[in-house]
Structures are given as structure tokens and as C-alpha cells.
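A.B. asks: One structure, pasted below without further comment.
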Number of protein chains: 2
Amino acid sequence: MNPDISKERENATFNVEKLTYILDGGIEKTKRRREIQSLVISDPDFQSEDLNFLTRSERYEAAVRKSAQMIVKLRKYGISDPEEIYCYKRLYKGNSHEAMGLHFVMFLPTLYSQCNEEQLKKWAPLAESTQAVGTYAQTELGHGTHLRGLETTATYDPATQEFVLNSPTVSSIKWWPGGLGKTSNHAIVLAQLYTQGKCHGLHAFIVPLRSMNTHMPLPGVVVGDIGPKFGFDEVDNGYLKLENVRIPRNNMLMKYAKVDADGTYTKPPRDKLTYGTMVFIRSMIVGEAGLALSKACTIAIRYSAVRRQSEIRPGEGEPQILDYQTQQYKLFPLLATAYAYNFVGQYMNQVYHRITGDMSQGDFSELPELHALSAGLKAFTTWTASSGIEVCRMACGGHGYSSCSALPDIYVTFVPTCTYEGENTVMMLQTARFLIKSYRQASAGHRLSGIVSYLNESEFRLQPQTVSSRATLVNGNNLQSLVEAYKLRAAWLVEQAAKSIQQELQRSVSQEDAWNNSSIDLVRASDAHCHYVVVKLFAAKVGEIEDPAVHSVLSTLALLYALQGITQHSGDFLQAGLLSAPQLSQASQTLKQLLVQLRPDAVALVDAFDFRDEMLNSVLGRYDGNVYEHMFEWARRSPLNKTEVHESYHKYLKPLQAKL
Amino acid sequence: MNPDISKERENATFNVEKLTYILDGGIEKTKRRREIQSLVISDPDFQSEDLNFLTRSERYEAAVRKSAQMIVKLRKYGISDPEEIYCYKRLYKGNSHEAMGLHFVMFLPTLYSQCNEEQLKKWAPLAESTQAVGTYAQTELGHGTHLRGLETTATYDPATQEFVLNSPTVSSIKWWPGGLGKTSNHAIVLAQLYTQGKCHGLHAFIVPLRSMNTHMPLPGVVVGDIGPKFGFDEVDNGYLKLENVRIPRNNMLMKYAKVDADGTYTKPPRDKLTYGTMVFIRSMIVGEAGLALSKACTIAIRYSAVRRQSEIRPGEGEPQILDYQTQQYKLFPLLATAYAYNFVGQYMNQVYHRITGDMSQGDFSELPELHALSAGLKAFTTWTASSGIEVCRMACGGHGYSSCSALPDIYVTFVPTCTYEGENTVMMLQTARFLIKSYRQASAGHRLSGIVSYLNESEFRLQPQTVSSRATLVNGNNLQSLVEAYKLRAAWLVEQAAKSIQQELQRSVSQEDAWNNSSIDLVRASDAHCHYVVVKLFAAKVGEIEDPAVHSVLSTLALLYALQGITQHSGDFLQAGLLSAPQLSQASQTLKQLLVQLRPDAVALVDAFDFRDEMLNSVLGRYDGNVYEHMFEWARRSPLNKTEVHESYHKYLKPLQAKL
């Protein structure tokens, strides 16, 4: 054990184990998680060559092997609870993705939720036994978020009782679905349904892509890998061009909409049935943001405790870089953010389960709020976590660029969450739509409930001209007063956005143009709303903690999180009159003191995330802090070191001398 | 040609060609650049497989081949002017790096500047003929920025008149030098010189690493590749462990310091002789930031003109995504930033040449200012450009993740500039040291000259308590008044940082601790100083433009750049009393209008960068806008598509079914 990092652990002010229980949601959950993780770590199949040393094709192959192994092992161990499966897979996959991820996350759930009984009897056994391996083919080369724009067609032919599927243009080629390129032999294809000469909009069809015997593409199916990407090397995101592909009528998913044998179309009873899955995945991503940022903080903070560099006081030797104020200022607010997102992830999980419970009772009343919240928080947390991972990476200096730090992998594996499952700016605007609607309802005298109830409080609808005369509300050491300040900022920015729309309308542009011309303000309002929610939930979580030492360190983190946001968005708080210039200076001072206060607990706070070395897979983030010897050992395994002299020497360098 | 992008070009308000001349520094330079680029593009050797489809070893080999070819071709074409060489290589390399880059950028220049005459006679011909291929080995596994901390030793043995080089610890292993792993047969090694029992600090030694005949490592030399990284696949950054490696006395670079045959040491006459190279490279990086961001903006803006998505007005079809205000808000300020950095790069180039002229006359007076400026601007521009490239990438939606967009390559190739040639936070603190020193001189009544002369103006040393009563100065439509506002902000933040140090000292901590405890404020002050310099230089450049249409569009860009910075740092401007809350609202309004104003010129403004498609190497950024068909064509060449059925199917997927 590196003595610097041992000393850090000795100096912690709280019991790490107790904090781990809180992060897991209870001591029993921690125990079960560790049991499952031990299953993985003691498994000889889990040991494998570092993926960073493999070619893309080898990485893909390794991912297929792991996916296949996981399915067998989960059944062997009898792990079937979704949370426990998630926990098992999370460790088994490491910092990479599952080759058959879409089969489990989209193909199977869609079959379960959209097949009628007869269909389910046929497809569930095929898919569960992986005879049918499937994916979900929605986005096209020229079409993403805007589903109505999709061009793929499914035209019903009553003569043969078949649908004929086509990709009529280049831009209609299905593009991006995970596992589509090489792995899947089926896909659920979203296509415009035509029957009896009429288009009925998007519907889902089960399309066989490859022979279930030979895995060769079927006639009319042009399918393949979309090529190398920023990360996701191990996933065969694919393209799919359909050329008069015929499928039986019964391959349309018919639980809700129907096409009869003669081509008569029956539309589904309600529109928002697939809403739930989307909301669920976005809620999950919030937790993923917490996880990814926790990993990055663990690596950067442990490394900063063992790395010694430059000098602060002459003659005293090189200090741990964690002693530099600038390093603390980079890492501690991100550590606080990681904690915040872990708690928000827990909350979203609970709310989702409560609301789906209500929905199964026919109560959909909270769905719009959850939809808006999950959209905005997904965008808010993934943006911050992504840029935060890069800050952590660069805080490790040169070594943060080495794949052995794991930070490049963590970044490229996580950053796509900013784009998939709803592009972040679009997500922010969806939340804004809910906020503006709520604001207008409140203005019209309706009483709002739930998280937007702050828009009720008419006293907070500030007029710009009176702002400077308002009494300011913030006490930089009082978390609750900071939550209030965030709330008022959100209310103020929602109002500003609503006013911008109003002003545009007065210039007699259309509703739609007014919305577009105000979208900068709308995104800003959503961002402030989400920030308020996160601060509020973090403060609420801290309030629940009973252990005094843990309560104390989490309070410091929550305060740091809130103050950091205020100093970074100080313009908003000053402009809205929520803070005076001297108060802002005081907030910066307090923030510096909090950094000093957290310094002795920094390593313990990342230890509490309880990542096994096998899960981080980072030489810089090793628990024992023995970084340099293991970097050297890792580097020697680099494929370029297989021979002492690379063949390019003989091919190009040696001949070059003769030419000069 | 895609009709959307043709229409964009028709609607431009200015002559693109004229703006290109300004960016190149004159019509003659544009002509010469194009001549050189045509040499590359018409060269059959330049055509090669997309690097994204290759393994790391193949990428390295391709880079060695290109490096070797370039050397031969440059001689063949008689291109010897450094700027022209740079222009040739820039295109030839594409978005990747040169395998032999360090040989030309560090090994040869160090030989030229630090060999004595006798040494130069021996080494220059060897290096110029590439019999000796070299690199510069400074950083160690445990030591980066802090040169005094380096541990490698060179101990003089008068018995044999040799130096004995050693890596005494794991942390002393040389780590990161480009081309060290496999390419170089020599390195200039920085080591602590010991002679006659005494350490004389860091000196440079020419160390043969590999046989000049067989390329095999020499006895005692443990050398290899440090393994895969975030980008830089094609470069063999290496490690070097020295175990009693003996080199002749004459392999110490002796132009300045000397060790005689008997071991007597003579120290160099002055310390700062290598200063110049460092300053030069940092100045160059500012231009590189402009270049990288220009490329990213070109790709994102052209793609945004051909991509159609969602709808603004019902029934009007999908608009170009460049019509969304949020998309404009992401891209246009970055476009303005790219222009700003191109102009600042030009300026730094000119200043560097002027000052080196002065230095060759023995006048070193401006060096500290240039040193401080290049350090801060290097950090300021690389941080913004790096995060800006990611914004551009994500503004392209899912397709920005595909390697065919070139954006992932541009990011990973550029982002290391934040860390190499001086870690950015360290750079900011070096600039801060100069600012604080200047501030103290001004406070002590000395008259400052040069870029920091604004610290003279004592009327701008605001007292916080009087801030709110100051008259505000900003007119959001007047560029010059914005330059003033940035100047006052910088002055205010330098003063705040100086006061923080003062307060710390009053708490009777040491100078060094006071500095460390104020370093957040110091970085902030440096950042504001650099921001002021960039706005000022941009405004000055606009003032030089004679063509009215070009002048008009560049004025709009400069105004956008300045206003965007103000809205993003609005807290500073409000806190310092330089802006009132209503003025800030007005600034946001003006900013929105500028986006509308720039919309018709956006494509023309990126066209003016005049990147050939062969240089961008981006399917999304194609000049003709024909994106989708070429994406499909590119994807089909993906290595995973070489066979219809990947071998992992037979190995893992097929057998899996039997197990379930």
C-alpha cells in the first residue's frame, strides 16, 4: 500500500462503510451487491486481456463472448431480479458495453409489451432462448428525434397477407441500432404503415434479418456495421436497407393497433403507451451519470493523493497534488456532483416505481411531470457528468491520456448518453414546454402541485425593475436558504422565458416562431429548474442521515455543490436580485473554506463508492495507490512491444536513409 | 451539389475569397498555400486507406510511411521555408500526427541550438540524413512540469571520460516522449549531472538508444511503447529505462555548460536560453487552436445546413437544423471564437518574430511579457477550443460520434494541447505571476508598458463597496466599449486576486501558502486577462479590414464573440459594477439578433477557411453537402463488413442456443 494513500484513509473523519450503505440503499443491499461482485471476480471466465490491446474486431468478439457467458451464468446462479442482473452485468462488462444489450433492453421488452397473446406465444420462447436475437431499428440515416419523419415503409399486400418493407431513399436506411450490424438475426423495425392506399403512421414490425441456421442475411436485407466510432468499439451499431422484404401479416406487433387479413386498419386505443419505457431509460441514465462521474472522481482523487509534483513551500519537497487549491477546485465540486447524482438517481428510481404502480391502477396523472423531469434531468446530468469526466481526466495530467487510466474509456462510453434516448437540447426543450405550460396555468389562477408548485408563488414573479430593491435571501452557510435561492432563480428564469415568448408574439410572429426565438431562454430555464431539483433532493437526502460524522461530511458536500453552482451562475443570482455583490464574494470565500474542510475526507469519500479495482480497471485509480510500477508493467504488454523492432523500420525508415 | 448548401452560398453577403486572403495574410500567401496543397492532393502516395479502419500497429506504420515520404518530397519540391513546410505537412498528415514529429520539432532544433561547433559537425549530418532519428526525453513516469524533480542521473566517470546514465527508480523512467518507443535510435535525455561528487542540475545528453544498423536496443537501454492512449494512435510515445548506459563525454550538449576531461564543471552564462523554443511552441499552439476549432465549425455548420430535422412550423416540412436558435447559439459563438483565435495566432506569430529579432540584438526586455502572454493564451485557447470541438461534435447529433465525421479524431488529436507544453492550470498561474508582479509595480508607482498597462490606471482599482454606485460603461452594440469592459473586468479580477493574497498574508501564512490559497482567484484573473487580449486583438483586426462587406460580417462576429463572453461571465461584470442588470438583459437580446444576422453568412464564413475536403476528411463536412450517400459508402468499407458472418457467431452465438 502506498503510504500517502494509507495516511489519507487514517485521517478520514467518518466511517466509510456506513456511507457505502447509504449509497447502496441499506446494509442488506451492500451485502448482496458484494456477493454478486465476488461471483464475477472469482470467475476465471471474467479474466481477460485488456480490451485496449485488441483490434476492433477482437473487441467485438470479446463482447459477444461476454454477452453469451453472462446469459448462461445468470441462469446458473439464479439471478433474475432486474437490479441484481444490472449489478452483475455492470461489473462483468467493465467500462465497455454489452454486444447483446439491445436484445435485453429493447427487443424482449417490446415483445412483452406489444405482442398480442398469440404473437407472444411464438416469439417469447424464440427470443428467450436466443434463437431469435433482436434489436430495435428506429433511427434512420436522415432521421433521428423526429419520429414522424421516418421514411421506411411497410405496405400491406392482402393478396399474400404480407407486409412489404422498403427503404425508399438513402436517408431512410436504418442507422445506429446497437447489435444490428452483425449480431442480430431479427429486428423490430419502425415503419410507416400503408394499407388500403392510406398511410397510418409509424408501427412496429418483427423483421427476420438473417437465417436462423446460417446467420446469412436474408434476401432483400442489406445489413452491416456502420464503421468505427468515438468509443463503442465493441458494439456493432448497424445499418439496414430493406428491398421489398416480405413478412407475414402477423409480424406486425398487434397488441394495440391491428391490420386484418383484408387490410382493414384498427388504430390503437391510446397514444402514450410506450411513454413508460422511455421515461424509465432516461431515469436510469441519471443514475448512470452518477456512476460514471463517481468512477472518474475515484480515479482522479486517488491518483492526486499519490502523485507528487512541483512545490508549494521551498525545501519541503513535492507535495501531493491534492494539496493544490486549483486541484481541489477541479475535483471536489465534481465529487459533490457525483454524490448528488447518485442520490437523484435513487430518487428517480423510487418515483418511477411509484408512478408505474399508479399507472397500472389507471392513474396517469403524474406521468407528464415525471416525463418532463426525466427528460430535463437526463440532459442536465449527462452534460455535467461528461464534461466532468474530462476535467477528472485532465486533472491527472499526461497520464490521464493513457488508456491504462481508464478515463478515456469512461468518457467515450458515457458521453453518448448526451445524444441517445433523446438529444439533450431537445430534452431540455421538452421540460421547458412543461414548465411554460405550468407557468401559464399558475398565471391563469390554477393551483399547481408537485415539483413545479414553486411557480404558484406569485410573490416570486419578480419585475425586473424591482429586482434591485428586493431584499436578498441567501445565507451562504445555510443549505436550506440556498435551496430557496435556486428555487427563486428557476422561477425567475421560467418567467423570463415566458416573457420572451410573449414579446415575440407581440411582434406578431407565430406561436412556433416565438417558441424557436425564445429557445435559448427556455433551455436556460429548464437548466435552472433541474439544478433546483438536484440541490433540493441532495439537501433532503442529507436531512435523512442519522450518523453525525456522515451527516457532517455530506452536509459539507451539499453546501459545496450548491455554492459552486451559485458562483458559476452568479450572473443569474445577481441579475434576479437574489444575491448582492458582497454576498457573492462571501460565497466564494466560503467555498474555499469548504475545500479545505473536505481535503482530509476526499479519499474516504471516493472509497465509499466501493468500486473494486476489477470494476474501475484503472492503473491510476488502484486502491493500493501503487501506480507507477503497474503502469510500467501494463505498458510492456502493449502490442507494439511484441517485437523489439517494428516492421515499419525495415519497410520505410531504413530505405529512407538511402534516398537522402 | 446538395441544393440546400448551394442556396446558402448564394445568399452570402460578402466575397468569400477576400476573407480567405485575410485569413492567410494576403492573396500571395493564399496562392502559395493552394499550390502546395495541390502538390499533396495530386500525389498518388497521398491516397490511402482511411486510418480509422486500421489497427494501431497499422496506423503507426502508415504514419512512418507518411513521415518518410514527406521528407523525400519536401526535398524534391524544394520546400524549405518553415511556414511552407508546415502548410505541406498539415495537409499531408490530415487529422493525425507525424511519426517523426519530435525529430523535427525538438531533436534537430536542440542540436542546432545547444551543440558546440565540433558537436554540430558530427551530429547535424547524421540527423539531417535520418541516420540518427531522435526525440527529446524529458518527462518521467513520476515527474512532469516540475523539471527540478526529474530523477534520471548522468554521472561523469573521468577514468573513461564517459557519462554513466541511470534511471534509479521506477518513477524516473522516461515516459511520453513522441517517437521514443519504436522510431528513434537516439534521444536527447535530460538528466541530473553529477561530477566530482556534486550535482549540477539538469543537463542535456545525446544518448544512442538503438543500433544504427539493426535498430535493436543497445545494452542497458530498455525502451518501448507506452501503450494505447486517447488518440495519438499513430505515435509511439515511449518509455526509456537506462541501466548504466555509458556515453562519451562529448555527448553532453556543451554549447553553454561544460564538463572537462577531468570532470571540472563550467556552468552556462545565462539561464533562460531555452525559453525561446518554449514560447515559440506555445504561440504556435494558439494558432493550432484556431485551426482545430475552424475545422470543427466547418463540419458542424455545413452539416447543419443539409441536415433537416423535426419541425418549427407545422406543415412546412423539416427545416435545416441551422434554423434552430439553439443550434445557432451552439455554433455561431464558436465560429466567432475560431476567427478570433486565427487572428490571435497571426498576432502571436508576428510578435514572436519581432521579439526574437530584438533578442538576437541582445534586447530581452519584452521576453517576460511574451512568455506570460503565450503561457496564458495557450491555456485559454486550448481549453475553449477543446470543449468547443466537443460542442460541434454533439451538435451533429448521432452522426457526430461516427469516425466518418472526423470530429472524434479532431478532438483526440487536439485535446492533448491542454496538457503538453505546459499543463494549462500551471500556465494560467505563470501568467498570474506576471500579472501580480505588474500590479504590485503599478501600485508602487512604476509606470507599466505593454499589454498590462491597464493596471496603471488607478481609477479602475475599484473598491467593492463603491462598485454599485459606479456609472456603467457598456454599450452592447459598440465593440470598443466592450473592449473597455473586458479591460476593466481584468483589472478588477487582478486586483481581487492580489487582495486575496494580501488577506492570506495578514492571517500570517507564508507567501507560498498565500499564493496557493489564492490560486482560484489567480487563474480567474489570468483567464480574464487573456479574454481581454483576445477581444482587443479581434477588434483591432476588424478595424484593419477595408472591404465593407467583409468588414461588416467580421464586425458582427467580433460583437458576438464579445457579447457571448459577457453573458457567460455576467457575474463578473455585474459584480464589478461594469454592467447593470437591464444592460445585461439588453446584451442577451442583442446577442439573439446577431445570431439572426449571421445566419445567411454562416456557410460562407466556414467556406472562407478554405479547407479542402482532403484536409477535413469528414463525410459530414463535405463541400458538396452530399452526406448520406457517402456515409453509406464509407460504412460498407468498415472492416467488420469484410465477411457477412462474423466468426464470433460460430464461436459464441450459435453454441449459446444449445446451452439454454
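Identifiers in this document derive from the order of the C-alpha cells: chains are assigned A, B, ..., residues are numbered from 1 separately in each chain, and ligands are numbered from 1 in order of occurrence.
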Output as a ChimeraX atom specification the set of chain A residues within 6 Å of chain B, with distances taken over only C-alpha atoms.
C.D. replies: /A:55,61,65,129-130,146,226-230,310,312-313,326,401-403,408,512,520,570-571,575,581,635,638,648,652,657,660
A.B. asks: Can you pull out every residue from stretch 31-206 of chain B that DSSP, working from the backbone, puts in alpha helix (DSSP H), and format the result as an MDAnalysis selection string?
C.D. replies: chainID B and resid 31:41 56:77 82:93 101:102 108:114 117:128
A.B. asks: Using only C-alpha atoms, which protein or nucleic acid residues come within 10 Å of A:Val391? Drop anything in the same chain fewer than 5 positions from it, and give the result as a ChimeraX atom specification.
C.D. replies: /A:296-297,300,330-331,334,385-386,396,400
A.B. asks: Hey, can you spit out that residue selection with C-alpha atoms as an mmCIF file, in the first residue's frame?
C.D. replies:
data_model
loop_
_atom_site.group_PDB
_atom_site.id
_atom_site.type_symbol
_atom_site.label_atom_id
_atom_site.label_comp_id
_atom_site.auth_asym_id
_atom_site.auth_seq_id
_atom_site.Cartn_x
_atom_site.Cartn_y
_atom_site.Cartn_z
ATOM 1 C CA ALA A 296 -13.845 9.297 -12.732
ATOM 2 C CA CYS A 297 -13.627 11.068 -9.342
ATOM 3 C CA ALA A 300 -8.584 11.305 -10.174
ATOM 4 C CA LYS A 330 -11.426 20.953 -10.051
ATOM 5 C CA LEU A 331 -12.200 17.742 -8.215
ATOM 6 C CA LEU A 334 -17.304 17.130 -9.111
ATOM 7 C CA ALA A 385 -21.036 14.345 -15.949
ATOM 8 C CA SER A 386 -19.491 14.192 -19.424
ATOM 9 C CA CYS A 396 -4.421 13.551 -13.969
ATOM 10 C CA GLY A 400 -4.937 10.786 -17.868
#
A.B. asks: Using Å and a single decimal, report how far atom CA of A:Thr135 sits from atom CA of A:Ala187.
C.D. replies: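 Interatomic distance here is 4.7 Å.
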A.B. asks: Figure out the distance between atom CA of B:His203 and atom CA of B:Thr152, please, to one decimal in Å.
C.D. replies: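 Atom-to-atom, atom CA of B:Thr152 to atom CA of B:His203, that is 10.4 Å.
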A.B. asks: As a PyMOL selection string, please: every residue in stretch 226-377 of chain B that DSSP puts in strand (DSSP E or B).
C.D. replies: chain B and resi 229+238-242+245-248+252+258-259+265-266+308+320
A.B. asks: One decimal, in Å: what's the spacing between atom CA of A:Thr160 and atom CA of A:Pro268?
C.D. replies: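 So the two atoms, atom CA of A:Thr160 and atom CA of A:Pro268, lie 24.2 Å apart.
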A.B. asks: Extract, using only C-alpha atoms, all DNA, RNA and protein residues at most 6 Å from stretch 105-120 of chain A, discarding same-chain residues fewer than 3 positions from it, and format them as a count of residues only.
C.D. replies: 9
